[in-house]
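Enquirer: Coordinates in coords_34.cif, mmCIF, C-alpha atoms (C1' of nucleotides), are listed below.
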data_model
#
loop_
_atom_site.label_atom_id
_atom_site.label_comp_id
_atom_site.auth_asym_id
_atom_site.auth_seq_id
_atom_site.Cartn_x
_atom_site.Cartn_y
_atom_site.Cartn_z
CA MET A 20 40.95 32.39 -49.16
CA ARG A 21 38.03 32.96 -51.49
CA ILE A 22 36.82 30.38 -53.99
CA ALA A 23 34.26 31.52 -56.57
CA THR A 24 32.19 29.80 -59.24
CA TYR A 25 30.86 31.69 -62.26
CA ASN A 26 28.92 30.39 -65.24
CA ILE A 27 29.94 33.07 -67.71
CA ASN A 28 27.85 31.97 -70.72
CA GLY A 29 30.56 32.43 -73.36
CA ILE A 30 34.09 33.55 -72.54
CA LYS A 31 34.48 35.55 -75.78
CA ALA A 32 31.29 37.53 -75.34
CA ARG A 33 31.87 37.94 -71.61
CA LEU A 34 35.60 38.71 -71.45
CA PRO A 35 35.30 42.41 -70.47
CA ARG A 36 32.81 41.56 -67.69
CA LEU A 37 34.93 38.65 -66.50
CA LEU A 38 38.18 40.65 -66.33
CA GLU A 39 36.35 43.47 -64.56
CA TRP A 40 34.96 41.05 -61.97
CA LEU A 41 38.37 39.44 -61.38
CA ASP A 42 40.01 42.82 -61.00
CA GLU A 43 37.36 44.10 -58.59
CA THR A 44 36.89 41.05 -56.40
CA ARG A 45 40.23 39.18 -56.72
CA PRO A 46 39.11 35.64 -55.86
CA ASP A 47 42.01 33.30 -55.04
CA ILE A 48 40.38 30.57 -57.13
CA ALA A 49 37.73 31.11 -59.83
CA CYS A 50 35.98 28.16 -61.46
CA LEU A 51 34.28 29.01 -64.74
CA GLN A 52 31.58 27.18 -66.68
CA GLU A 53 30.14 27.51 -70.19
CA ILE A 54 33.28 29.01 -71.70
CA LYS A 55 31.80 27.88 -75.06
CA THR A 56 35.09 27.77 -76.91
CA GLN A 57 37.58 25.23 -78.14
CA ASP A 58 40.88 25.05 -76.27
CA GLU A 59 42.64 27.23 -78.88
CA GLY A 60 40.26 30.12 -78.25
CA PHE A 61 40.86 30.40 -74.50
CA PRO A 62 42.29 33.86 -73.67
CA ALA A 63 44.90 32.71 -71.14
CA ASP A 64 47.08 35.79 -71.78
CA GLU A 65 44.34 38.10 -70.55
CA PHE A 66 44.21 36.29 -67.21
CA GLU A 67 47.98 36.20 -66.92
CA LYS A 68 48.03 40.00 -67.12
CA LEU A 69 45.89 40.05 -63.96
CA GLY A 70 48.14 37.54 -62.21
CA TYR A 71 45.97 34.47 -62.76
CA GLY A 72 47.25 31.07 -63.81
CA ALA A 73 44.70 28.91 -65.62
CA ILE A 74 43.78 25.49 -66.92
CA TRP A 75 40.79 24.86 -69.18
CA HIS A 76 38.83 22.13 -70.92
CA GLY A 77 37.09 23.54 -73.96
CA GLN A 78 34.56 22.34 -76.51
CA LYS A 79 33.23 23.86 -79.72
CA SER A 80 30.10 26.02 -79.22
CA PHE A 81 28.92 24.55 -75.93
CA ASN A 82 29.95 23.60 -72.42
CA GLY A 83 33.59 24.05 -71.41
CA VAL A 84 35.07 24.65 -67.93
CA ALA A 85 38.16 26.35 -66.51
CA ILE A 86 40.01 26.97 -63.25
CA LEU A 87 41.84 30.24 -62.56
CA ALA A 88 44.13 30.85 -59.58
CA HIS A 89 45.62 34.11 -58.34
CA ASN A 90 49.43 34.04 -58.18
CA ALA A 91 49.45 30.29 -58.77
CA GLN A 92 49.27 27.70 -61.52
CA PRO A 93 46.57 25.04 -60.92
CA VAL A 94 47.99 21.52 -61.11
CA GLU A 95 45.49 19.44 -63.07
CA THR A 96 44.35 16.22 -61.39
CA GLN A 97 41.39 15.22 -63.58
CA ARG A 98 40.02 16.25 -67.00
CA GLY A 99 36.51 15.03 -67.76
CA LEU A 100 34.29 13.21 -65.28
CA PRO A 101 35.36 9.55 -64.90
CA GLY A 102 32.93 6.67 -65.36
CA ASP A 103 31.95 6.82 -69.05
CA PRO A 104 34.67 6.67 -71.71
CA GLU A 105 32.12 7.63 -74.38
CA ASP A 106 31.21 10.92 -72.72
CA GLU A 107 33.04 13.62 -74.69
CA GLN A 108 31.33 16.67 -73.22
CA SER A 109 33.63 19.13 -71.42
CA ARG A 110 31.91 19.50 -68.07
CA TYR A 111 34.48 18.63 -65.41
CA LEU A 112 37.97 19.85 -64.56
CA GLU A 113 39.86 19.35 -61.30
CA ALA A 114 43.10 20.63 -59.84
CA ASP A 115 45.24 21.13 -56.76
CA VAL A 116 45.91 24.77 -56.00
CA HIS A 117 46.44 26.89 -52.88
CA GLY A 118 46.40 23.70 -50.76
CA ILE A 119 42.94 22.58 -51.84
CA ARG A 120 41.53 20.12 -54.37
CA VAL A 121 38.96 22.01 -56.44
CA ALA A 122 36.64 20.92 -59.24
CA SER A 123 34.85 23.13 -61.77
CA ILE A 124 31.55 21.45 -62.62
CA TYR A 125 28.98 22.10 -65.35
CA LEU A 126 26.30 19.54 -64.65
CA PRO A 127 23.97 18.71 -67.58
CA ASN A 128 20.76 20.73 -67.78
CA GLY A 129 18.65 17.65 -68.59
CA ASN A 130 15.83 19.28 -70.58
CA PRO A 131 13.67 18.21 -72.23
CA LEU A 132 12.32 15.39 -70.17
CA PRO A 133 11.66 12.57 -70.37
CA GLY A 134 14.34 11.68 -72.87
CA PRO A 135 18.03 11.00 -73.43
CA LYS A 136 19.16 14.39 -72.09
CA PHE A 137 17.44 13.82 -68.76
CA ASP A 138 18.83 10.27 -68.62
CA TYR A 139 22.29 11.71 -69.27
CA LYS A 140 21.86 14.19 -66.43
CA LEU A 141 20.93 11.50 -63.91
CA ALA A 142 23.72 9.18 -65.08
CA TRP A 143 26.18 12.09 -64.82
CA MET A 144 25.06 12.79 -61.23
CA LYS A 145 25.58 9.14 -60.36
CA ARG A 146 29.11 9.28 -61.78
CA LEU A 147 29.78 12.53 -59.90
CA ARG A 148 28.74 10.92 -56.62
CA ALA A 149 31.11 8.00 -57.21
CA HIS A 150 34.02 10.26 -58.10
CA ALA A 151 33.30 12.60 -55.20
CA ALA A 152 33.47 9.63 -52.85
CA SER A 153 37.00 8.90 -54.05
CA LEU A 154 37.97 12.53 -53.39
CA ALA A 155 36.53 12.40 -49.88
CA ALA A 156 39.28 9.97 -48.94
CA LEU A 157 41.99 12.58 -49.63
CA GLU A 158 43.88 14.35 -46.88
CA LEU A 159 43.37 17.66 -48.70
CA PRO A 160 40.32 19.87 -48.25
CA VAL A 161 38.03 19.54 -51.29
CA ALA A 162 35.60 21.97 -52.96
CA LEU A 163 33.26 20.82 -55.76
CA VAL A 164 31.91 24.02 -57.24
CA GLY A 165 29.92 24.94 -60.29
CA ASP A 166 26.60 25.07 -62.08
CA TYR A 167 24.73 22.01 -60.80
CA ASN A 168 21.52 22.73 -62.71
CA VAL A 169 19.54 21.64 -59.66
CA VAL A 170 17.28 23.85 -57.52
CA PRO A 171 17.53 22.00 -54.19
CA HIS A 172 14.51 23.40 -52.29
CA THR A 173 11.28 25.30 -52.88
CA HIS A 174 12.87 28.26 -51.04
CA ASP A 175 15.66 28.30 -53.64
CA ILE A 176 13.36 29.69 -56.34
CA TRP A 177 11.28 32.85 -56.62
CA SER A 178 8.05 30.86 -56.91
CA PRO A 179 7.59 27.27 -55.78
CA LYS A 180 5.31 26.83 -58.78
CA ALA A 181 8.02 27.82 -61.28
CA LEU A 182 9.89 25.12 -63.20
CA LEU A 183 7.80 22.28 -61.80
CA ASP A 184 7.99 20.49 -65.15
CA ASP A 185 11.65 21.35 -65.64
CA ALA A 186 14.68 19.07 -65.23
CA LEU A 187 16.09 21.52 -62.65
CA ARG A 188 13.22 20.83 -60.25
CA GLN A 189 12.51 17.15 -60.89
CA PRO A 190 12.29 14.88 -57.84
CA GLU A 191 14.98 12.59 -59.35
CA SER A 192 17.39 15.53 -59.85
CA ILE A 193 16.80 16.82 -56.33
CA ALA A 194 17.10 13.34 -54.81
CA ALA A 195 20.44 12.79 -56.55
CA TYR A 196 21.71 16.13 -55.23
CA ARG A 197 20.57 15.32 -51.67
CA THR A 198 22.16 11.88 -51.89
CA LEU A 199 25.45 13.54 -52.75
CA LEU A 200 25.14 15.87 -49.75
CA ALA A 201 24.26 12.94 -47.51
CA ASP A 202 27.69 11.46 -48.31
CA GLY A 203 29.18 14.28 -46.24
CA TRP A 204 29.36 17.31 -48.55
CA THR A 205 28.28 20.70 -47.22
CA ASP A 206 26.27 23.01 -49.48
CA ALA A 207 27.90 26.22 -48.24
CA LEU A 208 25.12 28.68 -49.12
CA ALA A 209 22.37 26.38 -47.85
CA THR A 210 24.20 26.14 -44.50
CA HIS A 211 24.81 29.86 -44.23
CA TYR A 212 21.37 30.97 -45.46
CA PRO A 213 19.03 28.22 -44.19
CA LEU A 214 15.88 30.18 -45.02
CA GLY A 215 16.80 30.36 -48.71
CA GLY A 216 15.85 33.33 -50.84
CA VAL A 217 19.33 33.50 -52.37
CA TRP A 218 19.48 33.41 -56.17
CA THR A 219 22.44 32.80 -58.49
CA TYR A 220 20.60 32.78 -61.85
CA TRP A 221 18.06 35.06 -63.50
CA ASP A 222 16.68 34.25 -66.96
CA TYR A 223 17.34 36.76 -69.73
CA GLN A 224 13.67 36.47 -70.71
CA ALA A 225 10.38 37.87 -69.47
CA GLY A 226 11.98 40.55 -67.27
CA ALA A 227 13.22 37.96 -64.76
CA TRP A 228 16.07 40.14 -63.49
CA GLN A 229 13.95 43.27 -63.14
CA GLN A 230 11.39 41.33 -61.11
CA ASP A 231 14.01 39.35 -59.15
CA HIS A 232 12.60 36.10 -60.51
CA GLY A 233 15.72 34.04 -59.89
CA PHE A 234 16.77 30.74 -58.44
CA ARG A 235 19.81 29.02 -56.94
CA ILE A 236 21.63 26.49 -59.10
CA ASP A 237 25.31 27.42 -58.65
CA HIS A 238 26.61 25.54 -55.63
CA LEU A 239 29.82 25.20 -53.64
CA LEU A 240 30.10 21.79 -51.97
CA LEU A 241 32.76 21.44 -49.28
CA SER A 242 34.38 18.38 -47.74
CA PRO A 243 34.24 18.24 -43.91
CA VAL A 244 37.74 19.67 -43.51
CA ALA A 245 36.94 22.51 -45.90
CA ALA A 246 33.51 23.13 -44.33
CA ASP A 247 35.18 23.60 -40.92
CA ARG A 248 37.03 26.55 -42.45
CA LEU A 249 33.89 28.24 -43.87
CA VAL A 250 33.85 31.88 -42.75
CA SER A 251 31.33 33.46 -45.11
CA CYS A 252 29.76 33.05 -48.51
CA GLY A 253 27.61 34.99 -50.92
CA VAL A 254 26.63 36.03 -54.42
CA ASP A 255 28.11 38.95 -56.38
CA LYS A 256 24.56 39.82 -57.43
CA GLU A 257 25.38 43.32 -58.62
CA HIS A 258 27.38 41.89 -61.51
CA ARG A 259 24.20 40.33 -62.96
CA GLY A 260 22.83 43.86 -63.45
CA ARG A 261 25.74 45.22 -65.53
CA GLU A 262 25.94 45.69 -69.30
CA THR A 263 25.76 42.46 -71.34
CA PRO A 264 25.96 40.20 -68.28
CA SER A 265 25.92 36.45 -67.96
CA ASP A 266 22.55 35.10 -66.82
CA HIS A 267 24.38 33.75 -63.73
CA ALA A 268 26.05 35.74 -60.96
CA PRO A 269 29.41 34.84 -59.39
CA THR A 270 28.96 32.82 -56.18
CA TRP A 271 31.70 32.33 -53.57
CA VAL A 272 32.92 31.03 -50.24
CA GLU A 273 35.54 32.50 -47.94
CA LEU A 274 37.62 29.89 -46.10
CA GLY A 275 39.77 30.77 -43.11
"C1'" DA B 3 -0.04 26.95 -75.01
"C1'" DT B 4 3.52 30.09 -76.18
"C1'" DG B 5 6.86 33.55 -76.12
"C1'" DG B 6 10.02 36.04 -74.19
"C1'" DC B 7 16.46 36.62 -74.58
"C1'" DA B 8 21.31 35.40 -75.58
"C1'" DG B 9 25.60 33.08 -77.70
"C1'" DA B 10 27.81 30.33 -81.27
"C1'" DA B 11 28.41 28.94 -85.85
"C1'" DT B 12 26.79 30.23 -90.24
"C1'" DT B 13 22.74 28.60 -92.29
"C1'" DT B 14 19.55 35.60 -92.73
"C1'" DT B 15 18.40 30.16 -89.65
"C1'" DT B 16 19.25 26.36 -86.24
"C1'" DC B 17 20.68 24.57 -81.95
"C1'" DT B 18 21.25 24.97 -77.07
"C1'" DG B 19 20.40 26.82 -72.79
"C1'" DA B 20 17.33 26.95 -67.88
#
What is this file in structure tokens?
Expert:
Amino acid sequence: MRIATYNINGIKARLPRLLEWLDETRPDIACLQEIKTQDEGFPADEFEKLGYGAIWHGQKSFNGVAILAHNAQPVETQRGLPGDPEDEQSRYLEADVHGIRVASIYLPNGNPLPGPKFDYKLAWMKRLRAHAASLAALELPVALVGDYNVVPHTHDIWSPKALLDDALRQPESIAAYRTLLADGWTDALATHYPLGGVWTYWDYQAGAWQQDHGFRIDHLLLSPVAADRLVSCGVDKEHRGRETPSDHAPTWVELG
DNA sequence: ATGGCAGAATTTTTCTGA
């Protein structure tokens, strides 16, 4: 079974690319981020034609997450990250499907820093850790996948000097990510490619794609039971080089 | 020190992203 995460940067602008990717790679579960539409604008019919059931949590202009499942309808278990009733941003959606509990995560970027956006990022990561701990107690395998907006190591970016002043590479952001992993979550790509050098994002600007100036921020975190089933994982890098692409590439795990 | 690009909603600009 393959589970993929894909920050599509706008589901309306990206629909042809997204349908093409689904048709070509047929993931069993696809978690999407940055759908950038209100609930009414979600093109569920288009996914149904390809045999995908879907749930989504939209928001006007920004954010927004969704979960697609091949030949199945995801059963929603959580909408919005618990822990702050005043947080109205659509960044977390969770479901049971194909025998696994899966969450689609769009973690706050946190720029600029210092400031309220960076504070929000760190508070969000703290809430995620608490909620993840409650999921770890389940009997089901669990996968927390999405755009974490954290570059975990210096070997996860094209140059260790890049983004040093950015929220994606701040010591506090990285520490919060490592604390989450220390609770027992496996970063699938980090485990499979321990030397790094694997990118999931390339900026639209300054010829980043052409020069392979990327970094790794899309992560698939597996509970111990799910991690035991990890067969392979990777990035559908070629899709980043197509016409009018997202700035992220689809990233996936194969579980046995 | 700054720009470079892209998407959304409109406002031919502004905000957000990473």
Enquirer: Could you please select, counting only C-alpha atoms (C1' of nucleotides), the residues of chain B within 10 Å of chain A and state them as a PyMOL selection string?
Expert: chain B and resi 5-11+17-20
Enquirer: Next, the residues of the selection above should be written as a PDB file, in the coordinates of the input with C-alpha atoms (C1' of nucleotides).
Expert:
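Output saved as part_3.pdb:
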ATOM      1  C1'  DG B   5       6.860  33.550 -76.120  1.00  0.00           C
ATOM      2  C1'  DG B   6      10.020  36.040 -74.190  1.00  0.00           C
ATOM      3  C1'  DC B   7      16.460  36.620 -74.580  1.00  0.00           C
ATOM      4  C1'  DA B   8      21.310  35.400 -75.580  1.00  0.00           C
ATOM      5  C1'  DG B   9      25.600  33.080 -77.700  1.00  0.00           C
ATOM      6  C1'  DA B  10      27.810  30.330 -81.270  1.00  0.00           C
ATOM      7  C1'  DA B  11      28.410  28.940 -85.850  1.00  0.00           C
ATOM      8  C1'  DC B  17      20.680  24.570 -81.950  1.00  0.00           C
ATOM      9  C1'  DT B  18      21.250  24.970 -77.070  1.00  0.00           C
ATOM     10  C1'  DG B  19      20.400  26.820 -72.790  1.00  0.00           C
ATOM     11  C1'  DA B  20      17.330  26.950 -67.880  1.00  0.00           C
TER      12       DA B  20
END
Enquirer: Just say which residues the PyMOL selection byres ((chain A and resi 34-48) around 9) picks in this file, as a ChimeraX atom specification.
Expert: /A:20-24,27,29-33,49-50,62,65-66,69,71,86-91,116-117,121,258,261-265,269,271
Enquirer: Quick one: of A:Ala268, A:Ala209, A:Ala227, A:Leu51, who's nearest to Cys252 in chain A, counting only C-alpha atoms?
Expert: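 Among the listed residues, A:Ala209 lies closest to Cys252 in chain A.
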Enquirer: State, in Å with one decimal place, the distance from CA of Arg148 in chain A to CA of Leu208 in chain A.
Expert: 19.6 Å
Enquirer: Is it possible to get the residues within 8 Å of (25.3, 36.8, -54.7) (coordinates as in the file, counting all atoms listed in the file) written as a list in words?
Expert: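 Output of the proximity query reads Val217, Trp218, Thr219, Gly253, Val254, Asp255, Lys256, Glu257, Ala268, Pro269, Thr270 and Trp271 of chain A.
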Enquirer: Tell me which residues the PyMOL selection byres ((chain A and resi 198) around 12) grabs here, as a PDB file with C-alpha atoms, keeping the file's coordinate frame.
Expert:
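Result written to out33.pdb:
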ATOM      1  CA  MET A 144      25.060  12.790 -61.230  1.00  0.00           C
ATOM      2  CA  LYS A 145      25.580   9.140 -60.360  1.00  0.00           C
ATOM      3  CA  LEU A 147      29.780  12.530 -59.900  1.00  0.00           C
ATOM      4  CA  ARG A 148      28.740  10.920 -56.620  1.00  0.00           C
ATOM      5  CA  ALA A 149      31.110   8.000 -57.210  1.00  0.00           C
ATOM      6  CA  ALA A 151      33.300  12.600 -55.200  1.00  0.00           C
ATOM      7  CA  ALA A 152      33.470   9.630 -52.850  1.00  0.00           C
ATOM      8  CA  PRO A 171      17.530  22.000 -54.190  1.00  0.00           C
ATOM      9  CA  PRO A 190      12.290  14.880 -57.840  1.00  0.00           C
ATOM     10  CA  GLU A 191      14.980  12.590 -59.350  1.00  0.00           C
ATOM     11  CA  SER A 192      17.390  15.530 -59.850  1.00  0.00           C
ATOM     12  CA  ILE A 193      16.800  16.820 -56.330  1.00  0.00           C
ATOM     13  CA  ALA A 194      17.100  13.340 -54.810  1.00  0.00           C
ATOM     14  CA  ALA A 195      20.440  12.790 -56.550  1.00  0.00           C
ATOM     15  CA  TYR A 196      21.710  16.130 -55.230  1.00  0.00           C
ATOM     16  CA  ARG A 197      20.570  15.320 -51.670  1.00  0.00           C
ATOM     17  CA  LEU A 199      25.450  13.540 -52.750  1.00  0.00           C
ATOM     18  CA  LEU A 200      25.140  15.870 -49.750  1.00  0.00           C
ATOM     19  CA  ALA A 201      24.260  12.940 -47.510  1.00  0.00           C
ATOM     20  CA  ASP A 202      27.690  11.460 -48.310  1.00  0.00           C
ATOM     21  CA  GLY A 203      29.180  14.280 -46.240  1.00  0.00           C
ATOM     22  CA  TRP A 204      29.360  17.310 -48.550  1.00  0.00           C
ATOM     23  CA  THR A 205      28.280  20.700 -47.220  1.00  0.00           C
TER      24      THR A 205
END
Enquirer: Report, in Å to a single decimal, how far apart CA of Glu95 in chain A and CA of Asp58 in chain A are.
Expert: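 Rounded to one decimal, the two atoms are 15.1 Å apart.
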Enquirer: Work out how far apart CA of Glu113 in chain A and CA of Ala73 in chain A are and give it in Å to one decimal.
Expert: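 Result for CA of Glu113 in chain A versus CA of Ala73 in chain A: 11.6 Å, one decimal.
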Enquirer: Give me the result of the PyMOL selection byres ((chain A and resi 75) around 7) on this file, residue by residue, as a ChimeraX atom specification.
Expert: /A:73-74,76-77,84-86
Enquirer: Find, counting only C-alpha atoms, the residue in A:Asp106, A:Glu67, A:Ser123, A:Leu240 that gets nearest to Gln92 in chain A.
Expert: A:Glu67
Enquirer: Quick one: everything within 9 Å of Leu154 in chain A, counting all atoms listed in the file, minus sequence neighbours fewer than 5 positions away in the same chain. Send it as a PyMOL selection string.
Expert: chain A and resi 120+159+161+242
Enquirer: Would you mind writing range 242-253 of chain A with all heavy atoms, as a PDB file, keeping the file's coordinate frame?
Expert:
ATOM      1  N   SER A 242      34.100  19.557 -48.549  1.00  0.00           N
ATOM      2  CA  SER A 242      34.380  18.380 -47.740  1.00  0.00           C
ATOM      3  C   SER A 242      34.391  18.811 -46.268  1.00  0.00           C
ATOM      4  O   SER A 242      34.492  20.005 -45.973  1.00  0.00           O
ATOM      5  CB  SER A 242      35.724  17.775 -48.132  1.00  0.00           C
ATOM      6  OG  SER A 242      36.776  18.645 -47.749  1.00  0.00           O
ATOM      7  N   PRO A 243      34.303  17.861 -45.333  1.00  0.00           N
ATOM      8  CA  PRO A 243      34.240  18.240 -43.910  1.00  0.00           C
ATOM      9  C   PRO A 243      35.384  19.154 -43.474  1.00  0.00           C
ATOM     10  O   PRO A 243      35.156  20.141 -42.759  1.00  0.00           O
ATOM     11  CB  PRO A 243      34.289  16.876 -43.206  1.00  0.00           C
ATOM     12  CG  PRO A 243      33.634  15.938 -44.173  1.00  0.00           C
ATOM     13  CD  PRO A 243      34.085  16.412 -45.531  1.00  0.00           C
ATOM     14  N   VAL A 244      36.596  18.843 -43.901  1.00  0.00           N
ATOM     15  CA  VAL A 244      37.740  19.670 -43.510  1.00  0.00           C
ATOM     16  C   VAL A 244      37.619  21.085 -44.073  1.00  0.00           C
ATOM     17  O   VAL A 244      37.934  22.070 -43.390  1.00  0.00           O
ATOM     18  CB  VAL A 244      39.063  19.014 -43.998  1.00  0.00           C
ATOM     19  CG1 VAL A 244      40.245  19.943 -43.751  1.00  0.00           C
ATOM     20  CG2 VAL A 244      39.280  17.678 -43.301  1.00  0.00           C
ATOM     21  N   ALA A 245      37.138  21.190 -45.298  1.00  0.00           N
ATOM     22  CA  ALA A 245      36.940  22.510 -45.900  1.00  0.00           C
ATOM     23  C   ALA A 245      35.769  23.238 -45.240  1.00  0.00           C
ATOM     24  O   ALA A 245      35.835  24.454 -44.995  1.00  0.00           O
ATOM     25  CB  ALA A 245      36.699  22.380 -47.403  1.00  0.00           C
ATOM     26  N   ALA A 246      34.703  22.516 -44.942  1.00  0.00           N
ATOM     27  CA  ALA A 246      33.510  23.130 -44.330  1.00  0.00           C
ATOM     28  C   ALA A 246      33.836  23.707 -42.950  1.00  0.00           C
ATOM     29  O   ALA A 246      33.275  24.738 -42.557  1.00  0.00           O
ATOM     30  CB  ALA A 246      32.389  22.098 -44.229  1.00  0.00           C
ATOM     31  N   ASP A 247      34.765  23.074 -42.230  1.00  0.00           N
ATOM     32  CA  ASP A 247      35.180  23.600 -40.920  1.00  0.00           C
ATOM     33  C   ASP A 247      35.834  24.967 -41.044  1.00  0.00           C
ATOM     34  O   ASP A 247      35.896  25.714 -40.078  1.00  0.00           O
ATOM     35  CB  ASP A 247      36.177  22.627 -40.263  1.00  0.00           C
ATOM     36  CG  ASP A 247      35.481  21.389 -39.701  1.00  0.00           C
ATOM     37  OD1 ASP A 247      34.238  21.416 -39.578  1.00  0.00           O
ATOM     38  OD2 ASP A 247      36.176  20.403 -39.399  1.00  0.00           O
ATOM     39  N   ARG A 248      36.343  25.260 -42.235  1.00  0.00           N
ATOM     40  CA  ARG A 248      37.030  26.550 -42.450  1.00  0.00           C
ATOM     41  C   ARG A 248      36.105  27.614 -43.029  1.00  0.00           C
ATOM     42  O   ARG A 248      36.556  28.730 -43.297  1.00  0.00           O
ATOM     43  CB  ARG A 248      38.216  26.337 -43.406  1.00  0.00           C
ATOM     44  CG  ARG A 248      39.329  25.509 -42.782  1.00  0.00           C
ATOM     45  CD  ARG A 248      40.377  25.077 -43.812  1.00  0.00           C
ATOM     46  NE  ARG A 248      40.886  26.180 -44.619  1.00  0.00           N
ATOM     47  CZ  ARG A 248      41.739  26.022 -45.644  1.00  0.00           C
ATOM     48  NH1 ARG A 248      42.161  24.812 -45.958  1.00  0.00           N
ATOM     49  NH2 ARG A 248      42.153  27.052 -46.333  1.00  0.00           N
ATOM     50  N   LEU A 249      34.823  27.284 -43.251  1.00  0.00           N
ATOM     51  CA  LEU A 249      33.890  28.240 -43.870  1.00  0.00           C
ATOM     52  C   LEU A 249      33.663  29.457 -42.977  1.00  0.00           C
ATOM     53  O   LEU A 249      33.208  29.323 -41.842  1.00  0.00           O
ATOM     54  CB  LEU A 249      32.551  27.543 -44.168  1.00  0.00           C
ATOM     55  CG  LEU A 249      31.452  28.405 -44.796  1.00  0.00           C
ATOM     56  CD1 LEU A 249      31.884  28.961 -46.150  1.00  0.00           C
ATOM     57  CD2 LEU A 249      30.168  27.579 -44.952  1.00  0.00           C
ATOM     58  N   VAL A 250      33.998  30.628 -43.491  1.00  0.00           N
ATOM     59  CA  VAL A 250      33.850  31.880 -42.750  1.00  0.00           C
ATOM     60  C   VAL A 250      32.613  32.636 -43.227  1.00  0.00           C
ATOM     61  O   VAL A 250      31.806  33.116 -42.432  1.00  0.00           O
ATOM     62  CB  VAL A 250      35.097  32.765 -42.924  1.00  0.00           C
ATOM     63  CG1 VAL A 250      34.900  34.130 -42.273  1.00  0.00           C
ATOM     64  CG2 VAL A 250      36.328  32.067 -42.346  1.00  0.00           C
ATOM     65  N   SER A 251      32.470  32.753 -44.549  1.00  0.00           N
ATOM     66  CA  SER A 251      31.330  33.460 -45.110  1.00  0.00           C
ATOM     67  C   SER A 251      31.148  33.021 -46.551  1.00  0.00           C
ATOM     68  O   SER A 251      32.018  32.347 -47.121  1.00  0.00           O
ATOM     69  CB  SER A 251      31.536  34.983 -45.041  1.00  0.00           C
ATOM     70  OG  SER A 251      32.687  35.347 -45.773  1.00  0.00           O
ATOM     71  N   CYS A 252      30.007  33.396 -47.117  1.00  0.00           N
ATOM     72  CA  CYS A 252      29.760  33.050 -48.510  1.00  0.00           C
ATOM     73  C   CYS A 252      28.697  33.995 -49.053  1.00  0.00           C
ATOM     74  O   CYS A 252      28.001  34.660 -48.283  1.00  0.00           O
ATOM     75  CB  CYS A 252      29.318  31.592 -48.654  1.00  0.00           C
ATOM     76  SG  CYS A 252      27.907  31.107 -47.653  1.00  0.00           S
ATOM     77  N   GLY A 253      28.581  34.067 -50.366  1.00  0.00           N
ATOM     78  CA  GLY A 253      27.610  34.990 -50.920  1.00  0.00           C
ATOM     79  C   GLY A 253      27.570  34.958 -52.433  1.00  0.00           C
ATOM     80  O   GLY A 253      28.197  34.112 -53.078  1.00  0.00           O
TER      81      GLY A 253
END
